[in-house]
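Novice: What follows is work.cif, made up of mmCIF, C-alpha atoms and all ligand atoms:
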```cif
data_final
loop_
_atom_site.label_atom_id
_atom_site.label_comp_id
_atom_site.auth_asym_id
_atom_site.auth_seq_id
_atom_site.Cartn_x
_atom_site.Cartn_y
_atom_site.Cartn_z
CA MET F 258 -30.41 -9.33 -31.56
CA PRO F 259 -31.67 -5.75 -32.12
CA MET F 260 -29.19 -3.04 -31.25
CA ALA F 261 -31.46 -1.39 -28.67
CA LYS F 262 -31.83 -4.64 -26.74
CA LEU F 263 -28.08 -5.14 -26.76
CA ARG F 264 -27.61 -1.62 -25.47
CA ASN F 265 -30.06 -2.31 -22.64
CA ILE F 266 -28.19 -5.42 -21.65
CA ILE F 267 -24.87 -3.60 -21.65
CA LYS F 268 -26.43 -0.78 -19.64
CA THR F 269 -27.81 -3.17 -17.05
CA LEU F 270 -24.52 -4.97 -16.68
CA SER F 271 -22.51 -1.81 -16.41
CA ILE F 272 -24.87 -0.38 -13.79
CA PHE F 273 -24.39 -3.47 -11.67
CA PHE F 274 -20.67 -3.38 -12.23
CA PHE F 275 -20.58 0.24 -11.17
CA LEU F 276 -22.70 -0.27 -8.06
CA ILE F 277 -20.61 -3.17 -6.85
CA ALA F 278 -17.32 -1.47 -7.59
CA ALA F 279 -18.56 1.66 -5.82
CA THR F 280 -19.70 -0.14 -2.67
CA ALA F 281 -16.65 -2.41 -2.36
CA PRO F 282 -14.28 0.26 -0.97
CA SER F 283 -16.67 1.03 1.89
CA LEU F 284 -16.86 -2.68 2.68
CA SER F 285 -13.10 -2.98 2.85
CA SER F 286 -12.51 0.28 4.70
CA ALA F 287 -13.14 -1.68 7.89
CA THR F 288 -9.72 -3.32 7.43
CA SER F 289 -6.96 -2.12 9.67
CA ALA F 290 -5.09 1.10 8.95
CA THR F 291 -1.83 -0.88 8.71
CA ASP F 292 -2.78 -1.74 5.12
CA THR F 293 -2.89 1.87 3.97
CA PHE F 294 -0.67 2.41 0.95
CA VAL F 295 2.06 5.00 1.57
CA PHE F 296 4.42 4.73 -1.40
CA GLY F 297 5.94 2.29 -3.86
CA GLY F 298 8.91 2.41 -6.20
CA CYS F 299 10.51 0.24 -8.87
CA SER F 300 13.98 0.08 -10.38
CA GLN F 301 14.63 0.82 -14.05
CA GLN F 302 16.36 -2.53 -14.66
CA LYS F 303 14.06 -5.29 -15.85
CA PHE F 304 14.49 -9.05 -15.76
CA SER F 305 13.13 -11.45 -18.35
CA PRO F 306 10.16 -13.67 -17.52
CA ALA F 307 11.04 -17.23 -16.50
CA SER F 308 14.65 -16.21 -15.80
CA ALA F 309 16.79 -17.45 -12.92
CA TYR F 310 16.35 -14.07 -11.25
CA GLU F 311 12.58 -14.39 -11.36
CA SER F 312 12.64 -17.70 -9.52
CA ASN F 313 15.16 -16.36 -6.97
CA LEU F 314 12.97 -13.31 -6.47
CA ASN F 315 9.93 -15.52 -5.92
CA SER F 316 11.81 -17.53 -3.26
CA LEU F 317 12.91 -14.30 -1.66
CA LEU F 318 9.38 -12.89 -1.50
CA THR F 319 8.10 -16.18 -0.07
CA SER F 320 10.83 -16.03 2.59
CA LEU F 321 9.79 -12.51 3.53
CA VAL F 322 6.16 -13.53 3.98
CA ASN F 323 7.07 -16.64 6.01
CA SER F 324 9.58 -14.83 8.17
CA ALA F 325 7.10 -12.08 9.06
CA THR F 326 5.09 -14.64 11.04
CA TYR F 327 7.82 -14.75 13.73
CA SER F 328 9.96 -11.63 13.31
CA SER F 329 9.37 -7.92 12.77
CA TYR F 330 12.51 -7.55 10.64
CA ASN F 331 14.55 -9.90 8.49
CA ASN F 332 16.77 -9.91 5.43
CA PHE F 333 17.40 -12.60 2.85
CA THR F 334 19.88 -13.14 0.04
CA ILE F 335 19.02 -15.81 -2.52
CA MET F 336 22.29 -16.54 -4.32
CA GLY F 337 22.17 -16.97 -8.08
CA SER F 338 24.84 -18.46 -10.32
CA SER F 339 25.94 -14.89 -11.10
CA SER F 340 25.69 -11.76 -8.99
CA SER F 341 23.08 -10.25 -11.31
CA ASP F 342 20.84 -13.25 -10.54
CA THR F 343 21.18 -12.82 -6.79
CA ALA F 344 18.02 -11.50 -5.14
CA ARG F 345 18.35 -9.52 -1.93
CA GLY F 346 15.52 -8.24 0.15
CA LEU F 347 14.17 -7.28 3.53
CA PHE F 348 11.00 -6.40 5.35
CA GLN F 349 10.42 -4.21 8.37
CA CYS F 350 7.19 -4.09 10.32
CA ARG F 351 6.22 -1.13 12.44
CA GLY F 352 7.47 -1.87 15.94
CA ASP F 353 4.04 -1.81 17.57
CA LEU F 354 2.45 -4.47 15.34
CA SER F 355 1.65 -7.91 16.67
CA MET F 356 3.15 -10.87 14.80
CA PRO F 357 -0.09 -11.81 13.05
CA ASP F 358 -0.60 -8.20 11.95
CA CYS F 359 3.01 -8.02 10.75
CA ALA F 360 2.60 -11.18 8.69
CA THR F 361 -0.67 -9.94 7.20
CA CYS F 362 0.89 -6.61 6.31
CA VAL F 363 3.98 -8.14 4.65
CA ALA F 364 1.84 -10.61 2.71
CA ARG F 365 -0.25 -7.73 1.45
CA ALA F 366 2.80 -5.67 0.52
CA VAL F 367 4.29 -8.61 -1.39
CA SER F 368 1.03 -9.16 -3.26
CA GLN F 369 0.88 -5.49 -4.24
CA VAL F 370 4.48 -5.01 -5.31
CA GLY F 371 4.23 -7.48 -8.22
CA PRO F 372 1.51 -5.57 -10.10
CA LEU F 373 3.18 -2.28 -9.15
CA CYS F 374 6.65 -3.29 -10.43
CA PRO F 375 6.16 -5.85 -13.20
CA PHE F 376 9.48 -7.54 -14.08
CA THR F 377 11.70 -4.92 -12.49
CA CYS F 378 14.82 -6.14 -10.69
CA GLY F 379 14.15 -3.89 -7.74
CA GLY F 380 11.00 -2.86 -5.95
CA ALA F 381 9.97 -1.25 -2.69
CA LEU F 382 6.59 -0.76 -1.07
CA GLN F 383 5.63 1.01 2.12
CA LEU F 384 2.26 0.36 3.72
CA ALA F 385 1.40 2.11 6.98
CA GLY F 386 2.36 -1.00 8.96
CA CYS F 387 5.29 -2.45 7.03
CA TYR F 388 7.95 -1.94 4.41
CA ILE F 389 9.45 -4.35 1.88
CA LYS F 390 12.33 -3.88 -0.52
CA TYR F 391 14.23 -6.14 -2.91
CA ASP F 392 16.86 -5.74 -5.61
CA ASN F 393 19.70 -7.58 -7.32
CA ILE F 394 22.11 -4.87 -6.23
CA SER F 395 23.32 -4.77 -2.67
CA PHE F 396 21.56 -2.36 -0.35
CA LEU F 397 21.43 -4.38 2.88
CA GLY F 398 23.17 -2.77 5.82
CA GLN F 399 23.72 0.53 4.02
CA GLU F 400 22.41 3.71 5.58
CA ASP F 401 20.50 5.77 3.03
CA LYS F 402 18.92 9.09 3.89
CA THR F 403 17.45 9.88 0.48
CA VAL F 404 14.02 11.47 0.87
CA VAL F 405 11.54 9.02 -0.65
CA LEU F 406 8.30 10.70 0.39
CA LYS F 407 7.60 14.00 2.05
CA LYS F 408 4.06 15.03 2.80
CA CYS F 409 2.89 17.95 4.90
CA GLY F 410 -0.73 18.63 5.81
CA SER F 411 -2.40 22.00 5.56
CA SER F 412 -1.31 24.56 8.14
CA GLU F 413 -4.79 25.96 8.71
CA GLY F 414 -5.95 26.20 12.27
CA TYR F 415 -2.78 24.97 13.90
CA ASN F 416 -1.86 27.26 16.76
CA THR F 417 1.48 28.06 18.39
CA ASP F 418 0.48 26.00 21.40
CA GLY F 419 0.03 22.99 19.13
CA ILE F 420 3.34 23.66 17.41
CA SER F 421 5.28 23.69 20.66
CA ARG F 422 3.60 20.41 21.65
CA ARG F 423 4.49 19.01 18.23
CA ASP F 424 8.12 20.09 18.68
CA ALA F 425 8.20 18.55 22.14
CA VAL F 426 6.90 15.25 20.76
CA LEU F 427 9.52 15.30 17.99
CA THR F 428 12.30 16.03 20.49
CA GLU F 429 11.05 13.13 22.57
CA LEU F 430 11.33 10.93 19.46
CA VAL F 431 14.91 12.03 18.76
CA ASN F 432 15.89 11.16 22.33
CA GLY F 433 13.82 8.01 22.44
CA GLY F 434 16.30 5.31 21.43
CA GLY F 435 15.32 2.10 19.72
CA TYR F 436 14.26 1.26 16.18
CA PHE F 437 10.61 2.09 16.84
CA ARG F 438 9.69 5.20 18.75
CA ALA F 439 6.28 6.61 19.53
CA GLY F 440 5.13 9.48 21.66
CA GLY F 441 2.32 11.93 22.13
CA SER F 442 1.28 15.03 23.97
CA GLY F 443 -2.24 16.41 23.97
CA ASP F 444 -3.62 16.05 20.48
CA VAL F 445 -0.19 15.43 18.89
CA GLN F 446 1.00 11.90 18.05
CA GLY F 447 4.41 11.10 16.64
CA MET F 448 6.34 8.02 15.60
CA GLY F 449 9.64 7.00 14.14
CA GLN F 450 10.87 3.72 12.66
CA CYS F 451 14.22 2.51 11.34
CA VAL F 452 14.78 -0.44 9.03
CA GLY F 453 16.43 -3.19 11.04
CA ASP F 454 19.56 -3.46 8.89
CA LEU F 455 20.90 -0.18 10.30
CA THR F 456 23.18 -0.15 13.33
CA VAL F 457 21.94 1.61 16.46
CA SER F 458 24.00 4.71 15.68
CA GLU F 459 22.97 4.76 12.01
CA CYS F 460 19.34 4.54 13.12
CA GLN F 461 19.85 7.47 15.47
CA ASP F 462 21.48 9.48 12.69
CA CYS F 463 18.76 8.62 10.18
CA LEU F 464 15.89 9.46 12.53
CA GLY F 465 17.63 12.66 13.60
CA THR F 466 17.72 13.75 9.96
CA ALA F 467 14.11 12.73 9.29
CA ILE F 468 12.79 14.50 12.37
CA GLY F 469 14.86 17.63 11.71
CA ARG F 470 13.47 17.83 8.18
CA LEU F 471 9.94 17.20 9.41
CA LYS F 472 10.25 20.18 11.74
CA ASN F 473 11.75 22.48 9.10
CA ASP F 474 9.84 21.45 6.01
CA CYS F 475 6.39 20.92 7.48
CA GLY F 476 6.38 24.13 9.52
CA THR F 477 2.96 24.48 11.11
CA ALA F 478 1.24 21.68 9.20
CA VAL F 479 -1.43 19.61 10.95
CA PHE F 480 0.46 16.46 10.00
CA GLY F 481 3.82 15.56 8.49
CA ASP F 482 5.37 12.45 6.92
CA MET F 483 9.09 12.18 6.20
CA PHE F 484 10.10 8.87 4.68
CA LEU F 485 13.83 8.44 4.03
CA ALA F 486 15.14 5.28 2.36
CA LYS F 487 16.02 3.57 5.66
CA CYS F 488 13.88 5.32 8.28
CA TYR F 489 10.86 7.52 8.68
CA ALA F 490 9.22 9.90 11.09
CA ARG F 491 5.63 11.09 11.09
CA TYR F 492 3.39 13.14 13.28
CA SER F 493 -0.28 13.97 13.23
CA THR F 494 -2.68 16.06 15.24
CA ASP F 495 -6.38 15.80 15.88
CA GLY F 496 -6.81 18.49 13.23
CA ALA F 497 -5.29 16.03 10.74
CA GLN F 498 -7.77 13.24 11.52
CA HIS F 499 -10.49 14.87 9.51
CA TYR F 500 -8.03 15.64 6.73
CA ALA F 501 -6.71 12.07 6.66
CA LYS F 502 -10.23 10.62 6.54
CA SER F 503 -11.58 12.82 3.82
CA HIS F 504 -8.44 12.38 1.72
CA ASN F 505 -8.19 8.65 2.23
CA TYR F 506 -8.70 7.74 -1.42
CA LYS F 507 -5.84 9.85 -2.68
CA THR F 508 -3.13 7.87 -0.96
CA ASN F 509 -4.89 4.57 -0.65
CA TYR F 510 -4.90 3.46 -4.26
CA GLY F 511 -3.41 0.06 -3.49
CA GLY F 512 -5.50 -2.39 -1.55
CA GLU F 513 -8.98 -0.98 -1.69
CA LYS F 514 -8.98 -0.30 -5.39
CA THR F 515 -7.57 -3.71 -6.24
CA PHE F 516 -10.17 -5.25 -3.99
CA ALA F 517 -12.93 -3.25 -5.65
CA ILE F 518 -11.76 -4.21 -9.13
CA ILE F 519 -11.54 -7.91 -8.27
CA ILE F 520 -14.99 -7.90 -6.65
CA GLY F 521 -16.33 -5.91 -9.57
CA LEU F 522 -14.89 -8.30 -12.14
CA LEU F 523 -16.14 -11.36 -10.28
CA ALA F 524 -19.58 -9.81 -9.99
CA ALA F 525 -19.60 -8.93 -13.69
CA VAL F 526 -18.70 -12.52 -14.64
CA VAL F 527 -21.39 -13.94 -12.34
CA LEU F 528 -23.97 -11.49 -13.67
CA LEU F 529 -22.99 -12.27 -17.23
CA ILE F 530 -23.48 -16.00 -16.60
CA ILE F 531 -26.83 -15.42 -14.88
CA PHE F 532 -27.82 -13.14 -17.67
CA LEU F 533 -26.91 -15.62 -20.40
CA LEU F 534 -28.85 -18.36 -18.60
CA PHE F 535 -31.78 -15.97 -18.21
CA LEU F 536 -31.55 -15.01 -21.87
CA ARG F 537 -31.52 -18.64 -22.92
CA GLY F 538 -34.61 -19.23 -20.80
CA VAL F 539 -36.38 -16.27 -22.38
CA CYS F 540 -35.39 -17.32 -25.89
CA SER F 541 -36.61 -20.87 -25.45
CA ARG F 542 -39.91 -19.45 -24.22
CA GLY F 543 -40.38 -17.76 -27.58
CA GLY F 544 -38.12 -14.75 -27.44
CA ASP F 545 -40.26 -12.40 -25.36
CA PHE F 546 -37.85 -9.64 -24.37
CA SER F 547 -40.36 -7.41 -22.61
CA ILE F 548 -39.26 -8.72 -19.21
CA LEU F 549 -35.83 -7.37 -20.04
CA HIS F 550 -37.03 -3.81 -19.60
CA SER F 551 -38.22 -4.25 -16.06
CA PHE F 552 -34.90 -5.94 -15.30
CA THR F 553 -33.12 -2.94 -16.73
CA LEU F 554 -35.14 -0.57 -14.58
CA ILE F 555 -34.30 -2.29 -11.29
C1 LIG F 601 20.78 -6.63 -12.05
O1 LIG F 601 20.13 -7.26 -13.13
C2 LIG F 601 20.15 -6.53 -14.34
C3 LIG F 601 19.29 -7.25 -15.35
O2 LIG F 601 19.62 -8.61 -15.45
C4 LIG F 601 21.59 -6.37 -14.80
O3 LIG F 601 21.62 -5.58 -15.98
C5 LIG F 601 22.40 -5.69 -13.71
O4 LIG F 601 23.75 -5.65 -14.08
C6 LIG F 601 22.25 -6.46 -12.41
N1 LIG F 601 22.94 -5.74 -11.34
C7 LIG F 601 23.88 -6.32 -10.63
C8 LIG F 601 24.54 -5.47 -9.60
O5 LIG F 601 24.25 -7.48 -10.80
C1 LIG F 602 20.80 -10.43 7.53
O1 LIG F 602 20.33 -11.61 8.13
C2 LIG F 602 21.35 -12.39 8.72
C3 LIG F 602 20.73 -13.70 9.17
O2 LIG F 602 19.52 -13.47 9.84
C4 LIG F 602 21.99 -11.62 9.86
O3 LIG F 602 23.01 -12.38 10.48
C5 LIG F 602 22.57 -10.34 9.29
O4 LIG F 602 23.07 -9.54 10.33
C6 LIG F 602 21.52 -9.56 8.54
N1 LIG F 602 22.13 -8.46 7.86
C7 LIG F 602 21.65 -7.23 7.96
C8 LIG F 602 22.38 -6.21 7.19
O5 LIG F 602 20.69 -6.96 8.65
#
```
Would you mind giving the structure from this file in structure tokens?
Ligand SMILES: *[C@@H]1O[C@H](CO)[C@@H](O)[C@H](O)[C@H]1NC(C)=O
Ligand SMILES: *[C@@H]1O[C@H](CO)[C@@H](O)[C@H](O)[C@H]1NC(C)=O
Specialist:
Amino acid sequence: MPMAKLRNIIKTLSIFFFLIAATAPSLSSATSATDTFVFGGCSQQKFSPASAYESNLNSLLTSLVNSATYSSYNNFTIMGSSSSDTARGLFQCRGDLSMPDCATCVARAVSQVGPLCPFTCGGALQLAGCYIKYDNISFLGQEDKTVVLKKCGSSEGYNTDGISRRDAVLTELVNGGGYFRAGGSGDVQGMGQCVGDLTVSECQDCLGTAIGRLKNDCGTAVFGDMFLAKCYARYSTDGAQHYAKSHNYKTNYGGEKTFAIIIGLLAAVVLLIIFLLFLRGVCSRGGDFSILHSFTLI
């Protein structure tokens, strides 16, 4: 086949691939905001493929997904023959999610953590609606106030009136009680969430720290996120809505991109097959490639 023809074919295919990959994110952006990727992390320790730990970890992840259909928090320990083979894990859904939404969120988190943390003993993933974590070391029931993610919005256009409303909402959250807290005043919305393995007083302590840091570190920002290892607090204002929307792709590399790549790959395979069939048809009709050009121009 002449080089120029080959180049045309490749060009056509890649244009289709590009178009489909580019439109896929806008198709999937209709999915609920609970799927938004917030952060992920993996341990340094790796396990070997087909090891006892891998099969324990798989049972653990399956248990998390199943359990999320009837509970918003649960923990599991899958005992191995040695302690290094024991898989421990938990999930926590945001307190305002319905059971079906919780289950969907945890299933999505589990499906994303594998590619994110290939063969690592420990992994954690936070989507907007749920959190999952697993490891072979014990972390269940231990309060941990390590800052995992801190994000403050721009401080442009946020007035003192807004700041005092923000502070009032945050104070309301500190005093709220419970593992999930939400509040709002005017254009300010705030929420806090503990992981269910903390005691009530540990949860209070953790959220107190998160909210205190949010106030100090984010100053006059239009939104703030403070994720500690076992709890988080966030607030946003109407001014942040525009920011969040226009910056969606920066944080949301998980679901939408994977979706786009899968759709893109499937489309490329289908196009390739159609193309080969088409090519065979053309060849058997005497090798007239002129039709190829109009195809390329579409
Ligand atoms: C976790 O597994 C890794 C890899 O097998 C091992 O090196 C480490 O000692 C284990 N940790 C615990 C606490 O058993
Ligand atoms: C883990 O789950 C078990 C059984 O559901 C429960 O009794 C235990 O309190 C949980 N542990 C933590 C630390 O949440």
Novice: List as JSON, numbers by chain the residues having at least one atom at most 7 Å from position (5.6, 22.8, 14.3) as given in the file, counting all atoms listed in the file.
Specialist: {"F": [420, 421, 423, 424, 472, 476, 477, 478]}
Novice: Export C-alpha atoms of the chosen residues as a PDB file, in the frame of the given file?
Specialist:
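What ended up in out.pdb:
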```
ATOM      1  CA  ILE F 420       3.340  23.660  17.410  1.00  0.00           C
ATOM      2  CA  SER F 421       5.280  23.690  20.660  1.00  0.00           C
ATOM      3  CA  ARG F 423       4.490  19.010  18.230  1.00  0.00           C
ATOM      4  CA  ASP F 424       8.120  20.090  18.680  1.00  0.00           C
ATOM      5  CA  LYS F 472      10.250  20.180  11.740  1.00  0.00           C
ATOM      6  CA  GLY F 476       6.380  24.130   9.520  1.00  0.00           C
ATOM      7  CA  THR F 477       2.960  24.480  11.110  1.00  0.00           C
ATOM      8  CA  ALA F 478       1.240  21.680   9.200  1.00  0.00           C
TER       9      ALA F 478
END
```
Novice: Looking at all atoms listed in the file, which of F:Asn473, F:Asn323, F:Thr291, F:Asn332 is the one that sits closest to Cys409 of chain F?
Specialist: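 Looking at the shortest contact to Cys409 of chain F, the residue is F:Asn473.
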Novice: Using all atoms listed in the file, find each residue with an atom at most 6 Å away from ligand LIG 601 (chain F) and format the answer as a list in words.
Specialist: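 Protein and nucleic-acid residues within 6 Å of ligand LIG 601 (chain F): Gln302, Lys303, Phe304, Ser340, Ser341, Cys378, Asn393 and Ile394 of chain F.
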Novice: List as a PDB file with C-alpha atoms, in the coordinates of the input the protein and nucleic acid residues near Ala344 of chain F, meaning an atom at most 7 Å away when all atoms listed in the file are counted, but skip any in the same chain fewer than 4 places from it.
Specialist:
```pdb
ATOM      1  CA  TYR F 310      16.350 -14.070 -11.250  1.00  0.00           C
ATOM      2  CA  ASN F 313      15.160 -16.360  -6.970  1.00  0.00           C
ATOM      3  CA  LEU F 314      12.970 -13.310  -6.470  1.00  0.00           C
ATOM      4  CA  LEU F 317      12.910 -14.300  -1.660  1.00  0.00           C
ATOM      5  CA  THR F 334      19.880 -13.140   0.040  1.00  0.00           C
ATOM      6  CA  ILE F 335      19.020 -15.810  -2.520  1.00  0.00           C
ATOM      7  CA  MET F 336      22.290 -16.540  -4.320  1.00  0.00           C
ATOM      8  CA  TYR F 391      14.230  -6.140  -2.910  1.00  0.00           C
ATOM      9  CA  ASP F 392      16.860  -5.740  -5.610  1.00  0.00           C
ATOM     10  CA  ASN F 393      19.700  -7.580  -7.320  1.00  0.00           C
TER      11      ASN F 393
END
```
Novice: For Leu430 of chain F, which residue among F:Ala307, F:Ala490, F:Cys374, F:Cys463 is the nearest when counting only C-alpha atoms?
Specialist: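 Closest residue, counting only C-alpha atoms: F:Ala490.
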Novice: So that I can see what lies close to Asp292 of chain F, please list as an NGL selection string the residues with an atom at most 7 Å from it, counting only C-alpha atoms and leaving out residues fewer than 6 positions away in the same chain.
Specialist: :F and (362 or 384-386)
Novice: Tyr327 of chain F: which residues within 9 Å, counting all atoms listed in the file, same-chain residues fewer than 5 positions away excluded, as a list in words?
Specialist: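 Listed by chain and then number, they are Met356, Pro357, Cys359 and Ala360 of chain F.
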Novice: Any chance you can output those residues with C-alpha atoms as a compact mmCIF listing (two decimals), in the coordinates of the input?
Specialist:
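So the final result, stored in result_28.txt, reads:
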```
# COMPACT_ATOMS: atom_id res chain seq x y z
CA MET F 356 3.15 -10.87 14.80
CA PRO F 357 -0.09 -11.81 13.05
CA CYS F 359 3.01 -8.02 10.75
CA ALA F 360 2.60 -11.18 8.69
```
Novice: Which protein, DNA or RNA residues have an atom within 6 Å of ligand LIG 602 (chain F), counting all atoms listed in the file, as a list in words?
Specialist: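 Every residue with an atom at most 6 Å from ligand LIG 602 (chain F) is listed here: Asn332, Leu397, Gly398 and Asp454 of chain F.
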Novice: May I have the centre and edge lengths, in Å to one decimal, of an axis-aligned box around the listed atoms of segment 351-368 of chain F with 4 Å added to every side, as lines of an AutoDock Vina configuration file?
Specialist:
```
center_x = 3.4
center_y = -6.5
center_z = 7.2
size_x = 16.1
size_y = 18.7
size_z = 28.8
```
Novice: Which of these residues is nearest to Ser442 of chain F, using all atoms listed in the file: F:Asp495, F:Gly469, F:Glu400, F:Phe348?
Specialist: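 Of F:Asp495, F:Gly469, F:Glu400, F:Phe348, the one nearest Ser442 of chain F, counting all atoms listed in the file, is F:Asp495.
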Novice: Looking at F:Leu382, F:Val452, F:Ile389, F:Cys475, which one is nearest to Tyr436 of chain F, with distances taken over only C-alpha atoms?
Specialist: F:Val452
